file start-v2.tsv (TSV, C-alpha atoms and all ligand atoms)
chain	number	residue	atom	x	y	z
A	1	MET	CA	65.96	150.61	-87.83
A	2	ALA	CA	69.53	150.33	-86.54
A	3	GLY	CA	72.54	152.33	-85.40
A	4	ILE	CA	76.25	152.59	-86.13
A	5	TYR	CA	78.95	153.32	-83.57
A	6	PHE	CA	82.48	154.43	-84.49
A	7	HIS	CA	85.20	154.03	-81.87
A	8	ILE	CA	87.95	156.59	-82.51
A	9	PRO	CA	90.79	155.24	-80.32
A	10	PHE	CA	92.98	158.32	-79.84
A	11	CYS	CA	93.26	160.88	-77.04
A	12	LYS	CA	95.62	163.78	-76.38
A	13	ARG	CA	96.29	162.54	-72.87
A	14	ALA	CA	95.12	159.83	-70.51
A	15	CYS	CA	92.50	160.97	-68.00
A	16	HIS	CA	93.36	159.37	-64.66
A	17	TYR	CA	89.99	157.63	-64.24
A	18	CYS	CA	89.52	156.34	-67.80
A	19	ASP	CA	89.53	152.67	-68.80
A	20	PHE	CA	88.26	153.07	-72.37
A	21	HIS	CA	90.48	151.89	-75.19
A	22	PHE	CA	92.63	154.66	-76.67
A	23	SER	CA	96.21	155.54	-77.59
A	24	THR	CA	97.90	158.90	-77.03
A	25	SER	CA	100.02	158.30	-80.15
A	26	LEU	CA	98.49	159.31	-83.48
A	27	LYS	CA	101.11	157.37	-85.42
A	28	LEU	CA	98.63	154.82	-86.78
A	29	LYS	CA	95.79	157.25	-87.46
A	30	ASP	CA	95.75	157.05	-91.27
A	31	GLU	CA	96.13	153.27	-91.36
A	32	LEU	CA	93.44	152.92	-88.76
A	33	LEU	CA	90.94	155.05	-90.68
A	34	GLU	CA	91.58	152.92	-93.76
A	35	ALA	CA	91.05	149.77	-91.68
A	36	MET	CA	87.76	151.16	-90.38
A	37	LYS	CA	86.57	151.75	-93.94
A	38	ARG	CA	87.48	148.19	-94.77
A	39	GLU	CA	85.57	146.97	-91.72
A	40	ILE	CA	82.48	148.89	-92.90
A	41	MET	CA	82.68	147.00	-96.19
A	42	LEU	CA	83.29	143.61	-94.58
A	43	GLN	CA	80.41	144.10	-92.12
A	44	LYS	CA	77.95	145.45	-94.68
A	45	HIS	CA	75.45	142.63	-94.06
A	46	TYR	CA	75.58	142.70	-90.25
A	47	LEU	CA	72.51	144.92	-89.92
A	48	ALA	CA	70.55	143.02	-92.57
A	49	ASN	CA	69.61	146.07	-94.64
A	50	GLN	CA	67.93	147.88	-91.78
A	51	LYS	CA	67.66	151.64	-92.17
A	52	ILE	CA	70.32	153.55	-90.22
A	53	GLN	CA	68.64	155.97	-87.85
A	54	THR	CA	71.60	156.97	-85.70
A	55	ILE	CA	75.38	157.24	-86.07
A	56	TYR	CA	77.60	157.94	-83.10
A	57	PHE	CA	81.31	158.86	-83.05
A	58	GLY	CA	82.67	157.91	-79.61
A	59	GLY	CA	86.03	157.02	-78.22
A	60	GLY	CA	88.63	157.97	-77.37
A	61	THR	CA	88.28	161.46	-78.75
A	62	PRO	CA	86.60	161.73	-82.17
A	63	SER	CA	87.22	165.50	-82.24
A	64	ILE	CA	90.90	164.69	-82.74
A	65	LEU	CA	89.97	163.85	-86.34
A	66	ARG	CA	89.65	166.46	-89.08
A	67	ALA	CA	86.18	167.17	-90.49
A	68	ASP	CA	87.06	165.56	-93.82
A	69	GLU	CA	88.14	162.35	-92.04
A	70	ILE	CA	84.80	162.20	-90.23
A	71	GLN	CA	82.88	162.84	-93.45
A	72	LYS	CA	84.79	160.10	-95.31
A	73	LEU	CA	83.66	157.56	-92.72
A	74	LEU	CA	80.09	158.82	-93.10
A	75	ASP	CA	80.34	158.57	-96.89
A	76	GLU	CA	81.49	154.98	-96.56
A	77	ILE	CA	78.48	154.18	-94.37
A	78	SER	CA	76.13	155.79	-96.92
A	79	HIS	CA	77.76	153.72	-99.65
A	80	PHE	CA	76.80	150.44	-97.96
A	81	HIS	CA	73.70	151.37	-95.94
A	82	ASP	CA	70.41	153.20	-96.32
A	83	VAL	CA	70.88	156.17	-93.95
A	84	ASP	CA	67.74	158.03	-92.89
A	85	PRO	CA	68.00	161.65	-94.14
A	86	ASP	CA	66.98	162.74	-90.61
A	87	ALA	CA	69.48	160.44	-88.89
A	88	GLU	CA	70.87	161.67	-85.58
A	89	ILE	CA	74.65	161.91	-86.11
A	90	THR	CA	76.51	162.61	-82.87
A	91	MET	CA	80.16	163.38	-82.34
A	92	GLU	CA	81.83	163.31	-78.94
A	93	ALA	CA	84.16	166.30	-78.67
A	94	ASN	CA	86.55	167.62	-76.08
A	95	PRO	CA	86.44	171.37	-75.36
A	96	ASP	CA	90.12	171.92	-76.31
A	97	ASP	CA	89.43	170.68	-79.86
A	98	LEU	CA	86.48	172.96	-80.48
A	99	ASP	CA	88.10	176.09	-81.89
A	100	ALA	CA	86.14	178.26	-84.32
A	101	GLU	CA	87.81	176.82	-87.39
A	102	LYS	CA	87.19	173.20	-86.38
A	103	ILE	CA	83.53	173.87	-85.66
A	104	LYS	CA	83.15	175.67	-88.98
A	105	SER	CA	84.62	172.71	-90.84
A	106	LEU	CA	82.41	170.26	-88.94
A	107	ARG	CA	79.41	172.31	-90.05
A	108	GLN	CA	80.22	171.06	-93.57
A	109	THR	CA	79.80	167.42	-92.47
A	110	GLN	CA	76.60	165.52	-91.67
A	111	VAL	CA	77.31	165.70	-87.93
A	112	ASN	CA	74.24	167.30	-86.32
A	113	ARG	CA	74.70	166.65	-82.61
A	114	PHE	CA	77.63	167.28	-80.25
A	115	SER	CA	78.43	165.53	-77.00
A	116	ILE	CA	80.93	167.77	-75.22
A	117	GLY	CA	83.12	166.32	-72.45
A	118	ILE	CA	83.02	169.24	-70.00
A	119	GLN	CA	83.31	167.18	-66.76
A	120	SER	CA	83.87	170.29	-64.58
A	121	PHE	CA	84.15	174.08	-64.71
A	122	PHE	CA	86.95	174.15	-62.10
A	123	ASN	CA	90.60	174.14	-63.15
A	124	GLU	CA	91.84	172.28	-60.06
A	125	ASP	CA	89.33	169.48	-60.71
A	126	LEU	CA	90.21	169.23	-64.42
A	127	ILE	CA	93.92	169.08	-63.53
A	128	TRP	CA	93.20	166.41	-60.87
A	129	MET	CA	91.41	164.35	-63.56
A	130	ASN	CA	94.30	164.99	-66.01
A	131	ARG	CA	91.89	166.36	-68.61
A	132	ALA	CA	93.40	168.11	-71.64
A	133	HIS	CA	91.25	171.25	-71.22
A	134	LEU	CA	90.80	174.01	-68.67
A	135	ALA	CA	87.66	175.71	-67.37
A	136	VAL	CA	87.80	178.58	-69.84
A	137	GLU	CA	87.69	176.12	-72.76
A	138	ALA	CA	84.80	174.28	-71.13
A	139	GLU	CA	82.87	177.56	-71.09
A	140	THR	CA	83.78	178.86	-74.55
A	141	SER	CA	83.35	175.55	-76.41
A	142	VAL	CA	79.62	175.25	-75.76
A	143	LYS	CA	79.03	178.87	-76.78
A	144	ARG	CA	81.07	178.44	-79.97
A	145	VAL	CA	79.19	175.32	-81.01
A	146	GLN	CA	75.88	177.13	-80.39
A	147	ASP	CA	77.05	180.23	-82.30
A	148	ALA	CA	77.89	178.01	-85.28
A	149	GLY	CA	74.23	176.99	-85.42
A	150	PHE	CA	74.26	173.60	-83.69
A	151	GLU	CA	71.32	173.30	-81.29
A	152	ASN	CA	71.38	169.60	-80.52
A	153	ILE	CA	74.08	169.55	-77.83
A	154	THR	CA	74.70	167.41	-74.79
A	155	ALA	CA	77.46	167.83	-72.21
A	156	ASP	CA	78.96	165.46	-69.64
A	157	LEU	CA	79.72	166.20	-66.00
A	158	ILE	CA	81.31	164.01	-63.32
A	159	TYR	CA	80.46	164.01	-59.61
A	160	GLY	CA	81.37	162.06	-56.47
A	161	TYR	CA	85.13	162.66	-56.28
A	162	PRO	CA	86.99	164.10	-53.28
A	163	LEU	CA	87.69	167.62	-54.64
A	164	LEU	CA	84.06	168.26	-55.53
A	165	THR	CA	82.17	170.01	-52.72
A	166	ASP	CA	78.38	170.28	-52.96
A	167	ASP	CA	78.79	174.02	-53.70
A	168	LYS	CA	81.12	173.33	-56.62
A	169	TRP	CA	78.79	170.62	-57.90
A	170	THR	CA	75.83	173.01	-57.74
A	171	HIS	CA	77.89	175.58	-59.66
A	172	ASN	CA	78.76	173.05	-62.39
A	173	ILE	CA	75.11	172.09	-62.88
A	174	ASP	CA	74.00	175.76	-62.87
A	175	GLN	CA	76.60	176.60	-65.51
A	176	LEU	CA	75.24	173.95	-67.86
A	177	ILE	CA	71.64	174.98	-67.21
A	178	GLN	CA	72.61	178.56	-68.10
A	179	PHE	CA	73.95	177.43	-71.47
A	180	ASP	CA	70.43	176.38	-72.36
A	181	ILE	CA	71.46	173.07	-73.93
A	182	PRO	CA	68.77	170.38	-74.35
A	183	HIS	CA	70.60	167.37	-72.87
A	184	ILE	CA	72.98	166.63	-69.98
A	185	SER	CA	74.71	163.39	-68.92
A	186	ALA	CA	76.29	163.05	-65.48
A	187	TYR	CA	78.32	160.15	-64.14
A	188	SER	CA	79.51	159.24	-60.70
A	189	MET	CA	83.31	158.85	-60.59
A	190	THR	CA	84.07	155.14	-60.53
A	191	VAL	CA	87.46	153.62	-59.84
A	192	GLU	CA	88.21	151.11	-62.57
A	193	PRO	CA	91.06	148.64	-62.08
A	194	LYS	CA	94.17	149.35	-64.18
A	195	THR	CA	93.61	153.13	-64.15
A	196	ALA	CA	95.97	155.72	-62.69
A	197	LEU	CA	93.26	156.63	-60.19
A	198	ALA	CA	93.08	153.04	-58.91
A	199	SER	CA	96.85	152.97	-58.59
A	200	PHE	CA	96.92	156.28	-56.65
A	201	ILE	CA	94.36	154.89	-54.20
A	202	ARG	CA	96.24	151.60	-53.82
A	203	ARG	CA	99.44	153.47	-53.03
A	204	GLY	CA	97.74	155.77	-50.51
A	205	LYS	CA	98.27	158.88	-52.67
A	206	GLN	CA	94.57	159.43	-53.06
A	207	ILE	CA	91.62	158.82	-50.74
A	208	PRO	CA	88.93	156.49	-52.10
A	209	MET	CA	85.67	157.80	-53.55
A	210	ASP	CA	82.89	158.25	-51.01
A	211	GLU	CA	79.53	156.61	-51.83
A	212	VAL	CA	77.64	158.84	-49.41
A	213	GLN	CA	79.00	161.96	-51.14
A	214	SER	CA	78.17	160.49	-54.53
A	215	SER	CA	74.56	159.71	-53.54
A	216	ALA	CA	74.10	163.19	-52.07
A	217	GLN	CA	75.41	164.80	-55.26
A	218	PHE	CA	73.21	162.55	-57.40
A	219	ILE	CA	70.19	163.84	-55.47
A	220	ILE	CA	71.32	167.47	-55.95
A	221	LEU	CA	71.62	166.75	-59.68
A	222	ILE	CA	68.16	165.20	-59.96
A	223	ASP	CA	66.50	168.05	-58.04
A	224	LYS	CA	68.25	170.87	-59.88
A	225	LEU	CA	67.65	169.45	-63.34
A	226	ALA	CA	63.99	168.68	-62.57
A	227	SER	CA	63.55	172.36	-61.59
A	228	ALA	CA	65.13	173.33	-64.92
A	229	ASN	CA	62.58	171.25	-66.87
A	230	PHE	CA	64.89	168.33	-67.68
A	231	GLU	CA	63.34	164.85	-67.77
A	232	HIS	CA	65.37	162.17	-66.00
A	233	TYR	CA	64.92	159.54	-68.71
A	234	GLU	CA	67.86	157.25	-67.88
A	235	ILE	CA	69.84	156.99	-64.67
A	236	SER	CA	72.73	159.14	-66.02
A	237	ASN	CA	70.82	161.10	-68.68
A	238	PHE	CA	68.55	164.13	-68.58
A	239	ALA	CA	66.84	165.89	-71.48
A	240	LYS	CA	64.43	168.70	-72.19
A	241	PRO	CA	61.16	167.27	-73.62
A	242	GLY	CA	61.70	165.80	-77.09
A	243	ASN	CA	65.49	165.79	-76.81
A	244	TYR	CA	66.31	162.28	-75.64
A	245	SER	CA	69.42	160.83	-77.29
A	246	LYS	CA	68.04	158.61	-80.07
A	247	HIS	CA	71.23	156.58	-80.30
A	248	ASN	CA	71.43	155.73	-76.61
A	249	SER	CA	67.66	155.22	-76.33
A	250	ASN	CA	67.96	152.64	-79.09
A	251	TYR	CA	70.71	150.82	-77.13
A	252	TRP	CA	68.48	150.68	-74.09
A	253	ASN	CA	65.52	149.50	-76.14
A	254	GLY	CA	67.42	146.59	-77.69
A	255	ILE	CA	67.76	147.99	-81.23
A	256	SER	CA	70.62	146.48	-83.30
A	257	TYR	CA	73.84	148.39	-83.86
A	258	LEU	CA	77.13	147.84	-85.60
A	259	GLY	CA	80.36	148.99	-83.92
A	260	ILE	CA	83.31	149.92	-86.12
A	261	GLY	CA	86.87	150.31	-84.81
A	262	PRO	CA	89.11	148.77	-82.16
A	263	SER	CA	87.17	147.69	-79.03
A	264	ALA	CA	83.80	148.59	-80.63
A	265	HIS	CA	80.85	146.35	-79.71
A	266	SER	CA	78.04	145.22	-82.01
A	267	PHE	CA	74.65	143.70	-81.21
A	268	ASN	CA	72.03	142.17	-83.50
A	269	GLY	CA	69.44	140.79	-81.08
A	270	LYS	CA	70.91	137.28	-81.08
A	271	SER	CA	74.60	137.81	-80.46
A	272	ARG	CA	77.02	140.40	-79.23
A	273	GLN	CA	80.54	140.86	-80.58
A	274	TRP	CA	83.47	143.05	-79.73
A	275	ASN	CA	86.56	144.00	-81.70
A	276	ILE	CA	90.08	143.61	-80.43
A	277	ALA	CA	91.17	146.53	-78.21
A	278	ASN	CA	94.55	147.03	-79.85
A	279	ASN	CA	95.13	149.54	-82.66
A	280	SER	CA	98.02	147.85	-84.46
A	281	ARG	CA	96.49	144.36	-84.30
A	282	TYR	CA	93.19	145.77	-85.53
A	283	VAL	CA	94.92	147.38	-88.53
A	284	GLU	CA	96.92	144.26	-89.28
A	285	SER	CA	93.89	141.98	-89.13
A	286	LEU	CA	91.80	144.23	-91.40
A	287	SER	CA	94.66	144.39	-93.91
A	288	GLN	CA	94.01	140.66	-94.36
A	289	ASN	CA	90.25	141.20	-94.60
A	290	ASN	CA	89.57	139.71	-91.16
A	291	VAL	CA	87.39	141.52	-88.64
A	292	PRO	CA	89.19	140.78	-85.35
A	293	ALA	CA	86.11	140.17	-83.20
A	294	GLU	CA	85.00	137.75	-80.53
A	295	ILE	CA	81.36	136.67	-80.66
A	296	GLU	CA	79.05	135.62	-77.86
A	297	ILE	CA	75.73	134.00	-78.74
A	298	LEU	CA	73.31	135.34	-76.16
A	299	SER	CA	71.46	132.77	-74.09
A	300	ASN	CA	67.92	133.46	-72.85
A	301	ALA	CA	69.35	134.22	-69.41
A	302	ASN	CA	71.84	136.72	-70.92
A	303	ARG	CA	69.11	138.44	-72.89
A	304	LEU	CA	66.73	138.63	-69.94
A	305	ASN	CA	69.44	139.95	-67.60
A	306	GLU	CA	70.40	142.61	-70.13
A	307	TYR	CA	66.77	143.60	-70.42
A	308	ILE	CA	66.43	143.85	-66.63
A	309	MET	CA	69.62	145.91	-66.33
A	310	THR	CA	68.90	148.39	-69.12
A	311	SER	CA	65.13	148.75	-68.83
A	312	LEU	CA	65.14	149.41	-65.09
A	313	ARG	CA	67.55	152.32	-65.59
A	314	THR	CA	65.14	154.07	-67.97
A	315	ILE	CA	61.95	156.09	-67.69
A	316	TRP	CA	60.16	153.39	-69.72
A	317	GLY	CA	60.84	150.76	-67.07
A	318	MET	CA	60.68	146.98	-67.15
A	319	ASP	CA	57.59	145.51	-68.82
A	320	LEU	CA	56.39	142.27	-67.24
A	321	ASN	CA	54.22	141.54	-70.29
A	322	LYS	CA	57.29	141.67	-72.50
A	323	ILE	CA	59.13	139.31	-70.14
A	324	GLU	CA	56.28	136.80	-70.37
A	325	ILE	CA	56.09	137.04	-74.19
A	326	ASP	CA	59.86	136.93	-74.81
A	327	PHE	CA	61.00	134.60	-72.01
A	328	GLY	CA	57.96	132.61	-70.85
A	329	LYS	CA	55.77	132.22	-67.76
A	330	GLU	CA	58.43	130.64	-65.54
A	331	ALA	CA	60.86	133.50	-66.04
A	332	LEU	CA	58.05	135.92	-65.29
A	333	GLN	CA	57.22	134.14	-62.02
A	334	LEU	CA	60.87	134.23	-60.95
A	335	ILE	CA	61.12	137.96	-61.55
A	336	LYS	CA	57.77	138.68	-59.94
A	337	SER	CA	58.69	136.89	-56.74
A	338	ASP	CA	61.98	138.83	-56.49
A	339	ILE	CA	60.36	142.18	-57.22
A	340	ASN	CA	58.21	142.12	-54.06
A	341	GLN	CA	61.07	142.83	-51.66
A	342	PHE	CA	61.81	146.05	-53.58
A	343	THR	CA	58.21	147.20	-54.04
A	344	GLU	CA	57.73	146.74	-50.26
A	345	LYS	CA	60.79	148.94	-49.60
A	346	LYS	CA	59.39	151.39	-52.21
A	347	TRP	CA	62.55	151.17	-54.29
A	348	LEU	CA	60.51	149.85	-57.20
A	349	LEU	CA	57.11	151.15	-58.30
A	350	LYS	CA	54.55	148.92	-60.02
A	351	ASN	CA	52.09	150.50	-62.40
A	352	GLY	CA	50.07	147.70	-64.00
A	353	GLU	CA	52.71	145.53	-65.64
A	354	LEU	CA	55.35	148.28	-65.72
A	355	ILE	CA	58.09	148.38	-63.09
A	356	THR	CA	60.16	151.54	-62.58
A	357	LEU	CA	62.67	152.79	-60.03
A	358	SER	CA	61.37	155.16	-57.35
A	359	SER	CA	63.41	158.26	-56.48
A	360	GLU	CA	65.07	156.31	-53.67
A	361	GLY	CA	65.49	153.23	-55.85
A	362	LYS	CA	67.53	155.29	-58.34
A	363	LEU	CA	70.31	155.31	-55.74
A	364	PHE	CA	70.48	151.50	-55.86
A	365	ALA	CA	69.75	150.76	-59.53
A	366	ASP	CA	72.64	148.38	-60.14
A	367	ARG	CA	72.12	146.51	-56.89
A	368	ILE	CA	68.40	146.00	-57.57
A	369	ALA	CA	69.06	144.78	-61.12
A	370	ALA	CA	71.72	142.34	-59.89
A	371	GLU	CA	69.27	140.88	-57.35
A	372	LEU	CA	66.71	140.30	-60.10
A	373	PHE	CA	69.14	138.55	-62.45
A	374	VAL	CA	68.28	134.95	-63.39
A	375	ASP	CA	70.79	132.16	-63.99
A	376	GLU	CA	70.97	129.74	-66.88
A	377	SER	CA	69.32	126.93	-64.91
A	378	SER	CA	66.09	128.96	-64.77
A	379	PHE	CA	65.61	128.17	-68.44
A	380	LEU	CA	66.35	124.43	-68.35
B	401	LIG	S1	89.34	162.01	-73.26
B	401	LIG	FE1	87.73	160.51	-72.80
B	401	LIG	S2	88.40	158.58	-73.72
B	401	LIG	FE2	90.20	159.96	-73.66
B	401	LIG	S3	91.26	159.43	-71.77
B	401	LIG	FE3	89.88	161.12	-71.27
B	401	LIG	S4	87.95	160.14	-70.60
B	401	LIG	FE4	89.18	158.58	-71.65
call {"tool": "encode", "arguments": {"input": "start-v2.tsv", "output": "C-alpha cells", "more": "lines below"}}
Ligand code: SF4
result
Amino acid sequence: MAGIYFHIPFCKRACHYCDFHFSTSLKLKDELLEAMKREIMLQKHYLANQKIQTIYFGGGTPSILRADEIQKLLDEISHFHDVDPDAEITMEANPDDLDAEKIKSLRQTQVNRFSIGIQSFFNEDLIWMNRAHLAVEAETSVKRVQDAGFENITADLIYGYPLLTDDKWTHNIDQLIQFDIPHISAYSMTVEPKTALASFIRRGKQIPMDEVQSSAQFIILIDKLASANFEHYEISNFAKPGNYSKHNSNYWNGISYLGIGPSAHSFNGKSRQWNIANNSRYVESLSQNNVPAEIEILSNANRLNEYIMTSLRTIWGMDLNKIEIDFGKEALQLIKSDINQFTEKKWLLKNGELITLSSEGKLFADRIAAELFVDESSFL
C-alpha cells in the first residue's frame, strides 16, 4: 500500500504567513501539468508496484485547476499504477474557488474528499492573513460541498495570532462543529523566515506571536472538540470516529509515497527525495526527461528520529518494541533513559511498551521529541 501526493504550485495571492512553494502567476500552468504527467511516467517504478490507497492534491491551491485537469492527472496515475477502487482521493480547496459550478464539475472526477482552507470566519482576520476569501465564502463553501453530496470533508483553522481573542476562537470552532463535518485540522500560527509576516515583525509593524495565547487556544480547541465527539488523533488533527485522514495517517505510520510536482517530497522507507521548488526549472528539467530531485539516503539515526517525531504526535504513540526490533537494543536503552524525565513530569504516559503524550505533554510535543532524538554516533 502506498500514496501519491500532487503539489499544485499556484495561488491567487500570497498569504502573509505562508512559506510553501507557489506562484501567483498561472502563466506556466499548462506546461507544468504536462511536466507532471511526464514525471508520473518517469517515476512509475518508485513505489515498486504497491497498490495506491490514497491520492492527495495539495499545494499551493489545487482548486485553481479545472476538474478536467485534475481528472487527467488521476487518469495518468491509473495508467501506471494499481489504484484501489476505494482509494481516498483528497483535494485541498480554497473557499473562493468553490462555486456551485466548480463543485458540480468536481463531482464528475474521482475526488471524494475535500480539505477546505477556512482559517477563520472573521473578515478582519482573513484580511490580516491576506487570504483570497472572506467570511461569507468560508460559510457558504462548506454547505455547497455538502449539498453536492460530498460527506468526507475536513476544514483548516488557524489560532494563536494577535487578532484572535479567545471568544473569536471559540466562535470559529463552534461554526465548524455546527457544519457537522467529520474532520478538522487546526494549526498554531508560526512565523517562518522569508514570509511577509516575519518581515512585518522584524520591521516593528506587527507584534510577535504569543506562545501563552497559542497554548491557551490549543487547550480550548482540544476541550471543545472532545465535547463534540472528535478524537484528537494527531497533534493538529481531530476526527469523528472512523474518519481519520488515511493519507496523513499513512505518512505518520511510515507508508511510502510518491510526490509529483515542484517541491513535492517522496519517501520509500530507505530514502527521501524532494523536487526542485521552482516552476520553470521543473518544467525545463522534465522536458529533458530528468526528474529534478535531490535524494537523501536515510541513516538509522534519521529514521529513528523521524519515527520519534511523528509517532509521538499521534494517538498510536511510540512503540518501544518497534524501536528494539527496527533499531536494536542500544537505541532502545538510549530512548528509555531519556523518557524517564518526561514520564516523571507526566508529559509522557507509558502503557506497557507504548509511549504517548499526556494532555499537558501535547503542549510541548516538539520539544519532547527533540530531547529524545539520537545522533549518528549512537549507531556506531
Ligand atoms: S492559499 Fe495556501 S499555499 Fe497559497 S499562499 Fe495561502 S496558505 Fe500558502
call {"tool": "closest_atom_pairs", "arguments": {"input": "start-v2.tsv", "of": "chain A", "to": "ligand LIG 401 (chain B)", "cutoff": "9 Å", "atoms": "all atoms listed in the file", "output": "JSON lines"}}
result
{"residue": "A:Pro9", "atom": "CA", "partner": "B:LIG401", "partner_atom": "S2", "distance": 7.8}
{"residue": "A:Phe10", "atom": "CA", "partner": "B:LIG401", "partner_atom": "FE2", "distance": 7.0}
{"residue": "A:Cys11", "atom": "CA", "partner": "B:LIG401", "partner_atom": "FE2", "distance": 4.7}
{"residue": "A:Lys12", "atom": "CA", "partner": "B:LIG401", "partner_atom": "FE2", "distance": 7.2}
{"residue": "A:Arg13", "atom": "CA", "partner": "B:LIG401", "partner_atom": "S3", "distance": 6.0}
{"residue": "A:Ala14", "atom": "CA", "partner": "B:LIG401", "partner_atom": "S3", "distance": 4.1}
{"residue": "A:Cys15", "atom": "CA", "partner": "B:LIG401", "partner_atom": "FE3", "distance": 4.2}
{"residue": "A:His16", "atom": "CA", "partner": "B:LIG401", "partner_atom": "S3", "distance": 7.4}
{"residue": "A:Tyr17", "atom": "CA", "partner": "B:LIG401", "partner_atom": "S4", "distance": 7.1}
{"residue": "A:Cys18", "atom": "CA", "partner": "B:LIG401", "partner_atom": "FE4", "distance": 4.5}
{"residue": "A:Asp19", "atom": "CA", "partner": "B:LIG401", "partner_atom": "FE4", "distance": 6.6}
{"residue": "A:Phe20", "atom": "CA", "partner": "B:LIG401", "partner_atom": "FE4", "distance": 5.6}
{"residue": "A:His21", "atom": "CA", "partner": "B:LIG401", "partner_atom": "S2", "distance": 7.2}
{"residue": "A:Phe22", "atom": "CA", "partner": "B:LIG401", "partner_atom": "S2", "distance": 6.5}
{"residue": "A:Ser23", "atom": "CA", "partner": "B:LIG401", "partner_atom": "FE2", "distance": 8.4}
{"residue": "A:Thr24", "atom": "CA", "partner": "B:LIG401", "partner_atom": "FE2", "distance": 8.5}
{"residue": "A:Gly58", "atom": "CA", "partner": "B:LIG401", "partner_atom": "S2", "distance": 8.2}
{"residue": "A:Gly59", "atom": "CA", "partner": "B:LIG401", "partner_atom": "S2", "distance": 5.3}
{"residue": "A:Gly60", "atom": "CA", "partner": "B:LIG401", "partner_atom": "S2", "distance": 3.7}
{"residue": "A:Thr61", "atom": "CA", "partner": "B:LIG401", "partner_atom": "S1", "distance": 5.6}
{"residue": "A:Glu92", "atom": "CA", "partner": "B:LIG401", "partner_atom": "FE1", "distance": 9.0}
{"residue": "A:Ala93", "atom": "CA", "partner": "B:LIG401", "partner_atom": "S1", "distance": 8.6}
{"residue": "A:Asn94", "atom": "CA", "partner": "B:LIG401", "partner_atom": "S1", "distance": 6.9}
{"residue": "A:Gly117", "atom": "CA", "partner": "B:LIG401", "partner_atom": "FE1", "distance": 7.4}
{"residue": "A:Met129", "atom": "CA", "partner": "B:LIG401", "partner_atom": "FE3", "distance": 8.5}
{"residue": "A:Asn130", "atom": "CA", "partner": "B:LIG401", "partner_atom": "FE3", "distance": 7.9}
{"residue": "A:Arg131", "atom": "CA", "partner": "B:LIG401", "partner_atom": "FE3", "distance": 6.2}
{"residue": "A:Ala132", "atom": "CA", "partner": "B:LIG401", "partner_atom": "S1", "distance": 7.5}
call {"tool": "closest_residue", "arguments": {"input": "start-v2.tsv", "among": "A:Ala369, A:Ile260, A:Val145, A:Ala277", "to": "A:Asp99", "atoms": "only C-alpha atoms"}}
result
A:Val145
call {"tool": "residues_around", "arguments": {"input": "start-v2.tsv", "residues": "stretch 338-340 of chain A", "least_positions_apart": "3", "cutoff": "12 Å", "atoms": "only C-alpha atoms", "output": "PyMOL selection string"}}
result
chain A and resi 308+312+318+320+331-335+343-350+353-357+368-374
call {"tool": "atom_distance", "arguments": {"input": "start-v2.tsv", "atom1": "atom CA of A:Glu34", "atom2": "atom CA of A:Gln108"}}
result
21.4 Å
call {"tool": "atom_distance", "arguments": {"input": "start-v2.tsv", "atom1": "atom CA of A:Glu296", "atom2": "atom CA of A:Ile276"}}
result
13.9 Å
call {"tool": "atom_distance", "arguments": {"input": "start-v2.tsv", "atom1": "atom CA of A:Thr140", "atom2": "atom CA of A:Ala100"}}
result
10.1 Å
